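The data block below is final_9.txt; it holds compact mmCIF, C-alpha atoms.
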# COMPACT_ATOMS: atom_id res chain seq x y z
CA MET W 1 -0.15 -19.02 47.76
CA LYS W 2 -2.42 -21.41 45.85
CA ILE W 3 -3.09 -18.75 43.20
CA LEU W 4 0.65 -17.98 42.93
CA SER W 5 1.47 -21.66 42.59
CA LEU W 6 -1.18 -22.03 39.90
CA VAL W 7 0.17 -19.04 37.93
CA LEU W 8 3.74 -20.31 38.23
CA GLY W 9 2.61 -23.76 37.13
CA ILE W 10 0.85 -22.37 34.05
CA LEU W 11 3.89 -20.27 33.15
CA ALA W 12 6.22 -23.24 33.59
CA SER W 13 4.00 -25.45 31.43
CA ALA W 14 3.75 -22.77 28.76
CA GLY W 15 7.52 -22.34 28.83
CA THR W 16 8.03 -26.08 28.40
CA ILE W 17 5.62 -26.25 25.44
CA PHE W 18 7.22 -23.18 23.87
CA ALA W 19 10.70 -24.67 24.23
CA GLN W 20 9.54 -27.94 22.67
CA ASN W 21 8.41 -26.03 19.58
CA THR W 22 11.82 -24.40 19.07
CA PRO W 23 14.13 -26.56 16.89
CA VAL W 24 17.33 -27.78 18.52
CA GLU W 25 18.54 -30.30 15.93
CA LYS W 26 21.20 -29.23 13.42
CA SER W 27 19.51 -29.65 10.07
CA LEU W 28 18.53 -27.54 7.09
CA LEU W 29 15.94 -30.02 5.80
CA TRP W 30 12.72 -30.80 7.71
CA GLU W 31 9.74 -33.07 7.02
CA ILE W 32 6.26 -31.64 7.66
CA SER W 33 3.52 -34.15 8.52
CA GLY W 34 0.41 -34.48 10.67
CA LYS W 35 -2.62 -32.18 10.88
CA GLY W 36 -4.51 -34.24 8.32
CA LEU W 37 -1.79 -34.40 5.67
CA THR W 38 -1.90 -37.57 3.57
CA LYS W 39 1.59 -36.93 2.18
CA SER W 40 4.54 -35.15 3.76
CA SER W 41 5.83 -31.78 2.64
CA TYR W 42 9.37 -30.52 3.25
CA LEU W 43 10.96 -27.34 4.54
CA PHE W 44 14.50 -26.32 3.58
CA GLY W 45 16.63 -23.39 4.77
CA THR W 46 18.63 -21.70 2.04
CA ILE W 47 21.42 -19.17 2.01
CA HIS W 48 20.60 -16.86 -0.85
CA LEU W 49 24.16 -16.44 -2.16
CA ILE W 50 27.17 -18.70 -1.54
CA CYS W 51 30.46 -19.54 -3.23
CA PRO W 52 30.37 -22.61 -5.52
CA ALA W 53 33.00 -24.32 -3.35
CA ASP W 54 30.61 -24.21 -0.39
CA PHE W 55 27.49 -25.11 -2.34
CA ALA W 56 25.96 -28.58 -2.05
CA LEU W 57 22.67 -30.33 -2.82
CA SER W 58 22.44 -33.45 -0.67
CA ASP W 59 20.86 -36.72 -1.78
CA SER W 60 18.25 -36.37 0.96
CA LEU W 61 17.28 -32.95 -0.42
CA LYS W 62 16.93 -34.33 -3.95
CA GLU W 63 14.86 -37.24 -2.62
CA ALA W 64 12.59 -34.82 -0.76
CA ILE W 65 12.01 -32.77 -3.90
CA ALA W 66 11.23 -35.95 -5.85
CA LYS W 67 8.47 -36.74 -3.34
CA THR W 68 6.76 -33.39 -3.84
CA GLU W 69 4.66 -31.86 -6.61
CA GLN W 70 5.50 -28.16 -6.28
CA ILE W 71 8.23 -25.90 -4.91
CA ALA W 72 7.41 -22.80 -2.85
CA LEU W 73 10.11 -20.13 -2.65
CA GLU W 74 9.87 -16.81 -0.83
CA ILE W 75 8.70 -15.34 -4.15
CA ASP W 76 7.73 -17.01 -7.42
CA MET W 77 11.02 -16.60 -9.29
CA ASP W 78 9.52 -18.35 -12.31
CA ASP W 79 6.85 -15.68 -12.78
CA PRO W 80 7.28 -14.08 -16.24
CA GLY W 81 6.09 -10.77 -14.80
CA LEU W 82 8.68 -10.76 -11.99
CA MET W 83 11.18 -8.37 -13.57
CA ALA W 84 8.48 -5.90 -14.57
CA ALA W 85 7.05 -5.96 -11.04
CA MET W 86 10.49 -5.52 -9.49
CA THR W 87 11.30 -2.61 -11.79
CA LYS W 88 8.02 -0.99 -10.79
CA THR W 89 8.63 -1.38 -7.05
CA MET W 90 12.39 -0.82 -6.76
CA PHE W 91 12.28 2.96 -6.45
CA MET W 92 12.11 5.04 -3.28
CA SER W 93 8.77 6.66 -2.57
CA GLY W 94 8.37 10.41 -2.81
CA ASP W 95 10.85 10.63 -5.72
CA LYS W 96 13.72 10.57 -3.24
CA LYS W 97 17.26 10.30 -4.56
CA LEU W 98 20.40 8.73 -3.14
CA THR W 99 22.11 12.14 -3.26
CA GLU W 100 19.42 13.45 -0.88
CA ILE W 101 19.72 10.75 1.78
CA LEU W 102 23.52 10.61 1.92
CA SER W 103 25.89 13.40 2.78
CA GLU W 104 27.99 14.66 -0.10
CA LYS W 105 31.05 13.05 1.50
CA ASP W 106 29.41 9.62 1.97
CA TYR W 107 27.95 9.67 -1.55
CA ALA W 108 31.38 10.41 -3.07
CA HIS W 109 32.95 7.71 -0.88
CA LEU W 110 30.35 5.12 -1.91
CA ASN W 111 30.58 6.06 -5.57
CA GLN W 112 34.39 5.81 -5.57
CA PHE W 113 34.27 2.35 -4.01
CA TYR W 114 31.75 1.07 -6.56
CA LYS W 115 33.80 2.52 -9.43
CA ASP W 116 37.13 1.15 -8.20
CA SER W 117 35.97 -2.25 -6.92
CA LEU W 118 32.88 -3.08 -8.95
CA LYS W 119 33.38 -0.95 -12.09
CA MET W 120 29.96 0.62 -11.54
CA ASP W 121 28.66 4.17 -11.31
CA ILE W 122 26.08 4.40 -8.53
CA ALA W 123 24.21 7.05 -10.52
CA ALA W 124 22.41 4.02 -12.00
CA PHE W 125 20.90 3.46 -8.53
CA GLY W 126 19.99 7.13 -8.14
CA ARG W 127 16.32 6.60 -7.17
CA ALA W 128 16.44 2.91 -6.19
CA LYS W 129 15.90 1.73 -2.63
CA PRO W 130 19.45 1.59 -1.21
CA PHE W 131 19.25 -2.11 -0.34
CA MET W 132 19.21 -2.81 -4.10
CA MET W 133 22.87 -1.76 -4.19
CA MET W 134 23.85 -4.73 -2.03
CA GLY W 135 23.48 -7.22 -4.89
CA PRO W 136 26.65 -6.26 -6.77
CA LEU W 137 28.52 -5.96 -3.48
CA PHE W 138 28.12 -9.61 -2.47
CA GLY W 139 30.65 -10.89 -4.99
CA ARG W 140 33.31 -8.67 -3.41
CA ILE W 141 32.33 -9.70 0.11
CA LEU W 142 32.29 -13.43 -0.67
CA GLY W 143 35.38 -13.29 -2.92
CA CYS W 144 33.75 -15.34 -5.68
CA GLU W 145 31.00 -15.37 -8.28
CA PRO W 146 28.12 -16.40 -5.97
CA GLN W 147 25.80 -19.31 -6.64
CA SER W 148 22.10 -19.36 -5.75
CA TYR W 149 20.25 -22.23 -4.06
CA GLU W 150 16.96 -20.87 -5.37
CA ILE W 151 18.11 -21.05 -9.01
CA SER W 152 19.37 -24.60 -8.49
CA LEU W 153 16.10 -25.67 -6.85
CA MET W 154 14.21 -24.20 -9.79
CA GLY W 155 16.35 -26.34 -12.08
CA LEU W 156 15.43 -29.49 -10.16
CA ALA W 157 11.77 -28.47 -10.23
CA GLY W 158 11.94 -28.03 -13.99
CA LYS W 159 13.34 -31.52 -14.51
CA GLN W 160 10.36 -33.14 -12.80
CA LYS W 161 7.90 -30.53 -14.11
CA SER W 162 6.98 -29.29 -10.64
CA GLU W 163 5.18 -25.98 -10.38
CA ILE W 164 7.01 -23.08 -8.68
CA ILE W 165 5.00 -20.76 -6.43
CA GLY W 166 5.77 -17.96 -3.97
CA LEU W 167 4.92 -17.49 -0.30
CA GLU W 168 4.72 -13.75 -0.87
CA SER W 169 4.54 -11.44 -3.87
CA ILE W 170 7.44 -9.31 -5.07
CA GLU W 171 5.29 -6.28 -4.19
CA GLU W 172 5.02 -7.50 -0.58
CA GLN W 173 8.74 -8.20 -0.37
CA MET W 174 9.81 -4.87 -1.88
CA ALA W 175 7.34 -2.98 0.34
CA ILE W 176 9.31 -4.14 3.39
CA PHE W 177 12.08 -1.75 2.37
CA ASP W 178 9.68 1.18 2.43
CA THR W 179 9.15 0.59 6.16
CA ILE W 180 12.89 0.80 6.87
CA PRO W 181 14.21 4.39 6.62
CA TYR W 182 16.13 4.81 3.36
CA GLU W 183 18.79 6.74 5.28
CA ARG W 184 19.44 3.67 7.44
CA GLN W 185 19.72 1.42 4.40
CA ALA W 186 22.24 3.77 2.79
CA ALA W 187 24.20 4.15 6.04
CA MET W 188 24.46 0.36 6.30
CA LEU W 189 26.07 0.23 2.85
CA VAL W 190 28.64 2.83 3.88
CA THR W 191 29.39 0.89 7.07
CA MET W 192 29.84 -2.35 5.13
CA ILE W 193 32.47 -0.89 2.79
CA ASP W 194 34.16 1.07 5.59
CA LYS W 195 34.50 -2.18 7.54
CA LEU W 196 35.01 -4.54 4.61
CA PRO W 197 37.38 -6.92 6.48
CA GLU W 198 34.84 -7.24 9.32
CA THR W 199 32.02 -7.66 6.79
CA LYS W 200 33.90 -10.49 5.06
CA LYS W 201 34.64 -12.14 8.41
CA GLU W 202 30.98 -12.04 9.46
CA PHE W 203 29.80 -13.48 6.16
CA LYS W 204 32.44 -16.21 6.39
CA GLY W 205 31.08 -17.09 9.83
CA LEU W 206 27.57 -17.11 8.41
CA VAL W 207 28.60 -19.57 5.70
CA GLU W 208 30.31 -21.83 8.24
CA LEU W 209 27.19 -21.91 10.40
CA TYR W 210 25.16 -22.72 7.31
CA LYS W 211 27.48 -25.57 6.29
CA ASN W 212 27.20 -26.91 9.85
CA GLN W 213 23.39 -26.68 9.53
CA ASP W 214 23.29 -24.66 12.75
CA LEU W 215 19.89 -22.96 12.59
CA GLN W 216 20.12 -21.45 16.05
CA GLY W 217 23.57 -20.05 15.29
CA LEU W 218 22.31 -18.53 12.03
CA TYR W 219 19.31 -17.07 13.80
CA ASN W 220 21.45 -15.55 16.55
CA LEU W 221 23.99 -14.09 14.12
CA THR W 222 21.22 -12.57 12.02
CA LEU W 223 19.77 -10.79 15.06
CA GLN W 224 23.16 -9.67 16.36
CA SER W 225 24.80 -8.73 13.06
CA GLU W 226 26.78 -5.50 13.08
CA PHE W 227 25.70 -5.03 9.50
CA GLY W 228 22.01 -5.76 9.97
CA LEU W 229 19.19 -3.31 10.40
CA ASP W 230 18.78 -3.09 14.17
CA GLY W 231 15.20 -2.99 15.35
CA GLN W 232 13.80 -4.32 12.08
CA ASP W 233 13.61 -7.98 13.13
CA GLU W 234 9.84 -7.79 13.43
CA VAL W 235 9.26 -6.66 9.85
CA MET W 236 12.18 -8.54 8.25
CA LEU W 237 11.69 -11.89 9.99
CA PHE W 238 8.89 -12.38 12.49
CA LYS W 239 5.96 -10.77 10.70
CA ARG W 240 6.86 -12.50 7.43
CA ASN W 241 7.18 -15.85 9.23
CA GLN W 242 3.70 -15.45 10.68
CA ASN W 243 2.24 -14.45 7.31
CA TRP W 244 3.81 -17.49 5.66
CA ILE W 245 2.26 -19.95 8.11
CA THR W 246 -1.28 -19.28 6.86
CA ARG W 247 -0.11 -19.73 3.27
CA ILE W 248 1.94 -22.85 4.05
CA ASP W 249 -1.06 -24.37 5.85
CA LYS W 250 -3.10 -23.93 2.66
CA ILE W 251 -0.57 -25.15 0.08
CA VAL W 252 0.60 -28.29 1.92
CA HIS W 253 -3.02 -29.44 2.13
CA GLU W 254 -3.43 -28.92 -1.62
CA LYS W 255 -0.39 -31.01 -2.66
CA PRO W 256 2.95 -32.15 -1.20
CA THR W 257 5.24 -29.13 -1.35
CA PHE W 258 8.97 -28.46 -1.03
CA ILE W 259 9.28 -25.11 0.75
CA ALA W 260 12.59 -23.24 0.59
CA VAL W 261 13.18 -19.99 2.50
CA GLY W 262 16.19 -18.26 4.03
CA ALA W 263 17.57 -20.39 6.87
CA ALA W 264 17.37 -17.50 9.36
CA HIS W 265 13.57 -17.78 9.10
CA LEU W 266 13.59 -21.33 10.51
CA GLY W 267 15.23 -20.96 13.92
CA GLY W 268 14.07 -19.43 17.19
CA ASP W 269 10.73 -19.46 18.97
CA LYS W 270 9.19 -17.19 16.31
CA GLY W 271 10.65 -19.14 13.40
CA VAL W 272 8.73 -21.12 10.80
CA ILE W 273 9.45 -24.49 12.44
CA ALA W 274 8.22 -23.40 15.88
CA LEU W 275 5.14 -21.74 14.37
CA LEU W 276 4.25 -24.84 12.34
CA ARG W 277 4.59 -27.01 15.43
CA LYS W 278 2.40 -24.57 17.33
CA GLU W 279 -0.23 -25.02 14.59
CA GLY W 280 -0.24 -28.77 15.21
CA TYR W 281 2.16 -30.03 12.55
CA LYS W 282 4.89 -32.54 13.23
CA VAL W 283 8.16 -31.06 11.92
CA ARG W 284 11.04 -33.56 11.95
CA ALA W 285 14.68 -32.98 11.08
CA VAL W 286 15.87 -35.00 8.06
CA SER W 287 19.47 -36.21 8.13
CA ARG W 288 21.83 -35.42 5.25

Represent the structure from my file as structure tokens, please.
Amino acid sequence: MKILSLVLGILASAGTIFAQNTPVEKSLLWEISGKGLTKSSYLFGTIHLICPADFALSDSLKEAIAKTEQIALEIDMDDPGLMAAMTKTMFMSGDKKLTEILSEKDYAHLNQFYKDSLKMDIAAFGRAKPFMMMGPLFGRILGCEPQSYEISLMGLAGKQKSEIIGLESIEEQMAIFDTIPYERQAAMLVTMIDKLPETKKEFKGLVELYKNQDLQGLYNLTLQSEFGLDGQDEVMLFKRNQNWITRIDKIVHEKPTFIAVGAAHLGGDKGVIALLRKEGYKVRAVSR
């Protein structure tokens, strides 16, 4: 009984500590301090594409950027070699083609949709990893010409001459989509256009959660999405989060940094906030 009580006590304590690490506040902007830092760094959750009407850069965000000396995005979007590296890594391995991983019927269906709705011939994506085809589709899903938080943050960085760095290389990011079967990526595209009203509804819900700064809601929707890649949470989210922590630990000790990554990476017990707290940092929500 004593041993059982001890084990239960340890588990209860561990559960309490774990829960304390998981963010519960509704905020997209977080201050990172402690663990020997002389100046705070900041963590911000982005949504990669959003309609201009829903886009906003708060005063507190601008103030946080002004207090830092560099901006860290998921990848260094200011790298002059970025496009060349992306072009080099965008193709499926083994010389696979889209016509080989889709049935003739699904290929024709996808091609017709892109021609009718996006004025594009998918032959241009013939050897590209299927996820690359999602870019042009977002405008149709969102119903607008999307705006990018990352591009806007780069603009603010440029004004104060802050350096822009990446938490991972484009090669690392593109390699993720070699671990996810190309057939599944292509099938997801077909599902998204077959269920376009449902796709639009889900993305609208995603934007509302983002505007409400609901990290837990964003995290849950990302894991439960009908249009996600089931079973790939480890490689798409959790493994990347863990890899970033080592790199964040290094850069925030070099100079105060404004870190901006997709908001779905921040929530949950395996999110960036919980992992930073586990490493000994104090991570505090910053009000609008």

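Atom CA of Leu276 of chain W to atom CA of Ile245 of chain W spans 6.8 Å [interatomic distance, one decimal].
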
(Q) Need the shell around segment 176-182 of chain W: protein/DNA/RNA residues with any atom at most 7 Å away, counting all atoms listed in the file. Skip same-chain ones fewer than 4 positions apart. Format as number ranges by chain? (A) W: 129-130, 172, 186, 235

(Q) Need the shell around Gly126 of chain W: protein/DNA/RNA residues with any atom at most 8 Å away, counting all atoms listed in the file. Skip same-chain ones fewer than 6 positions apart. Format as an NGL selection string? (A) :W and (97-99)

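Between atom CA of Ile75 of chain W and atom CA of Pro256 of chain W the separation is 18.0 Å.
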
Excluding Gln70 of chain W and its own-chain neighbours fewer than 3 positions away, which residues fall within 7 Å of it when counting all atoms listed in the file? Please give them as an mmCIF file with C-alpha atoms, keeping the file's coordinate frame.
data_model
loop_
_atom_site.group_PDB
_atom_site.id
_atom_site.type_symbol
_atom_site.label_atom_id
_atom_site.label_comp_id
_atom_site.auth_asym_id
_atom_site.auth_seq_id
_atom_site.Cartn_x
_atom_site.Cartn_y
_atom_site.Cartn_z
ATOM 1 C CA SER W 162 6.980 -29.290 -10.640
ATOM 2 C CA GLU W 163 5.180 -25.980 -10.380
ATOM 3 C CA ILE W 164 7.010 -23.080 -8.680
ATOM 4 C CA PRO W 256 2.950 -32.150 -1.200
ATOM 5 C CA THR W 257 5.240 -29.130 -1.350
ATOM 6 C CA PHE W 258 8.970 -28.460 -1.030
#

Q: Calculate how many Å separate atom CA of Ser152 of chain W from atom CA of Met83 of chain W, rounding to one decimal.
A: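 Atom-to-atom, atom CA of Ser152 of chain W and atom CA of Met83 of chain W are spaced 18.9 Å apart.
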
Could you give me, as JSON lines, a per-residue list for segment 144-190 of chain W showing, wherever an atom lies at most 7 Å from an atom of segment 29-49 of chain W, the closest pair of atoms and their distance in Å to one decimal, using only C-alpha atoms and sorting by chain then residue number from low to high?
{"residue": "W:Pro146", "atom": "CA", "partner": "W:Leu49", "partner_atom": "CA", "distance": 5.5}
{"residue": "W:Gln147", "atom": "CA", "partner": "W:Leu49", "partner_atom": "CA", "distance": 5.6}
{"residue": "W:Ser148", "atom": "CA", "partner": "W:Leu49", "partner_atom": "CA", "distance": 5.1}
{"residue": "W:Tyr149", "atom": "CA", "partner": "W:His48", "partner_atom": "CA", "distance": 6.3}

(Q) Quick one: residues within 7 Å of Lys26 of chain W, all atoms listed in the file, excluding same-chain residues fewer than 3 positions away - as a ChimeraX atom specification? (A) /W:213-215

**Q.** All residues 12 Å or closer to Ala274 of chain W, only C-alpha atoms, same chain fewer than 6 positions away omitted, as a list in words
**A.**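 With the cut-off at 12 Å, the set is Ile17, Phe18, Ala19, Gln20, Asn21, Thr22, Pro23, Val24, Trp30, Ile32, Phe238, Asn241, Gln242, Ile245, His265, Leu266, Gly267, Gly268, Gly280, Tyr281, Lys282, Val283 and Arg284 of chain W.
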
Q. Between W:Ala285, W:Ser225, W:Gly271, W:Ala128, which is the closest to Glu198 of chain W once you count all atoms listed in the file?
A.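 Distance minimum relative to Glu198 of chain W lands on W:Ser225.
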
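Remark: for Ser103 of chain W, the closest of the candidate residues W:Leu218, W:Ala187, W:Met77, W:Ala66 is W:Ala187 (distances computed over only C-alpha atoms).
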
Q: May I ask which of the residues W:Leu110, W:Ile141, W:Met154, W:Met236 is the closest one to Phe203 of chain W, counting all atoms listed in the file?
A: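 Closest to Phe203 of chain W of all the choices is W:Ile141.
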
Q: Have a look at W:Ala157, W:Met133, W:Leu142, W:Ala263 and name the one nearest to Tyr219 of chain W; count only C-alpha atoms.
A: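 Looking only at the distances to Tyr219 of chain W, the closest residue turns out to be W:Ala263.
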
Output as AutoDock Vina command-line options the centre and edge lengths (Å, one decimal) of the box along x, y and z of the file that holds every listed atom of segment 41-59 of chain W after adding 8 Å on each side.
--center_x 19.4 --center_y -26.6 --center_z -0.4 --size_x 43.2 --size_y 36.3 --size_z 26.3

Residues of segment 141-217 of chain W at most 10 Å from segment 246-255 of chain W: nearest atom pair and distance in Å, all atoms listed in the file, as a tab-separated table:
residue	atom	partner	partner_atom	distance
W:Ile165	CA	W:Ile251	CA	9.6
W:Gly166	CA	W:Arg247	CA	9.5
W:Leu167	CA	W:Arg247	CA	6.6
W:Glu168	CA	W:Arg247	CA	8.7

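Nearest residue to Lys62 of chain W among W:Leu153, W:Leu221, W:Leu237, W:Val261 is W:Leu153, counting all atoms listed in the file.
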
**Q.** Best match for closeness to Ala53 of chain W among W:Leu73, W:Val207, W:Phe138, W:Leu156, counting all atoms listed in the file
**A.**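 Among the listed residues, the smallest separation from Ala53 of chain W belongs to W:Val207.
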